[in-house]
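Engineer: Below are the structure tokens for one structure; questions will follow.
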Amino acid sequence: MRKIIYTTNSIESLNAKLRRAVRARGHFPNDAAAMKLLYLILNLAEKDWKMPPKEWTMAKTQFAILFEDRFNLA
């Protein structure tokens, strides 16, 4: 359950992707070029966000056991 609740790893992963892209490019002719690169990296990262985490099914089951009156498996 902890992996599902805490989002720190996801945020750090996204920041690492952005830093890696900027570092690989080195320098930019203007701010617009840097913004375009970051925009493209965020679009690629968005595909990962749409997929549910692997652990969600197991966490959902545990939530249903712990909070049966407040959690619906549907």
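Going through the structure tokens in order, the chains are called A, B, and so on, while each chain numbers its residues from 1 and the ligands are numbered from 1 in the order shown.
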Could you list, as a PyMOL selection string, every residue within 8 Å of range 41-45 of chain A, counting only C-alpha atoms and ignoring same-chain residues fewer than 3 positions away?
Structural biologist: chain A and resi 14+17-18+21+37-38+48-49
Engineer: Would you please give, as a PyMOL selection string, all residues of range 20-66 of chain A that DSSP assigns to helix (DSSP H, G or I) based on the backbone?
Structural biologist: chain A and resi 20-25+31-50+56-66
Engineer: Quick one: write out the picked residues with C-alpha atoms as a compact mmCIF listing (two decimals), in the first residue's frame?
Structural biologist:
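Dumped to part.txt:
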```txt
# COMPACT_ATOMS: atom_id res chain seq x y z
CA ARG A 20 18.42 14.21 -18.22
CA ALA A 21 16.86 15.79 -21.32
CA VAL A 22 18.20 19.25 -20.50
CA ARG A 23 21.67 17.91 -19.64
CA ALA A 24 21.84 15.88 -22.87
CA ARG A 25 21.02 18.96 -24.95
CA ASP A 31 13.85 30.07 -23.66
CA ALA A 32 11.27 28.91 -26.19
CA ALA A 33 13.55 26.07 -27.31
CA ALA A 34 13.96 24.88 -23.72
CA MET A 35 10.20 25.06 -23.14
CA LYS A 36 9.56 23.01 -26.30
CA LEU A 37 11.94 20.28 -25.12
CA LEU A 38 10.34 20.13 -21.67
CA TYR A 39 6.88 20.04 -23.27
CA LEU A 40 7.88 17.07 -25.44
CA ILE A 41 9.37 15.20 -22.48
CA LEU A 42 6.18 15.76 -20.46
CA ASN A 43 4.08 14.46 -23.36
CA LEU A 44 6.15 11.28 -23.48
CA ALA A 45 5.94 10.86 -19.71
CA GLU A 46 2.16 11.27 -19.81
CA LYS A 47 1.81 7.83 -21.41
CA ASP A 48 3.24 6.26 -18.25
CA TRP A 49 0.77 8.16 -16.08
CA LYS A 50 -2.26 6.71 -17.85
CA TRP A 56 -2.84 -1.15 -7.37
CA THR A 57 -4.83 -4.43 -7.45
CA MET A 58 -3.17 -5.73 -4.30
CA ALA A 59 -3.46 -2.36 -2.54
CA LYS A 60 -7.12 -2.07 -3.52
CA THR A 61 -7.82 -5.46 -1.95
CA GLN A 62 -6.07 -4.44 1.26
CA PHE A 63 -8.02 -1.18 1.38
CA ALA A 64 -11.26 -3.12 0.98
CA ILE A 65 -10.35 -5.34 3.95
CA LEU A 66 -9.22 -2.48 6.19
```
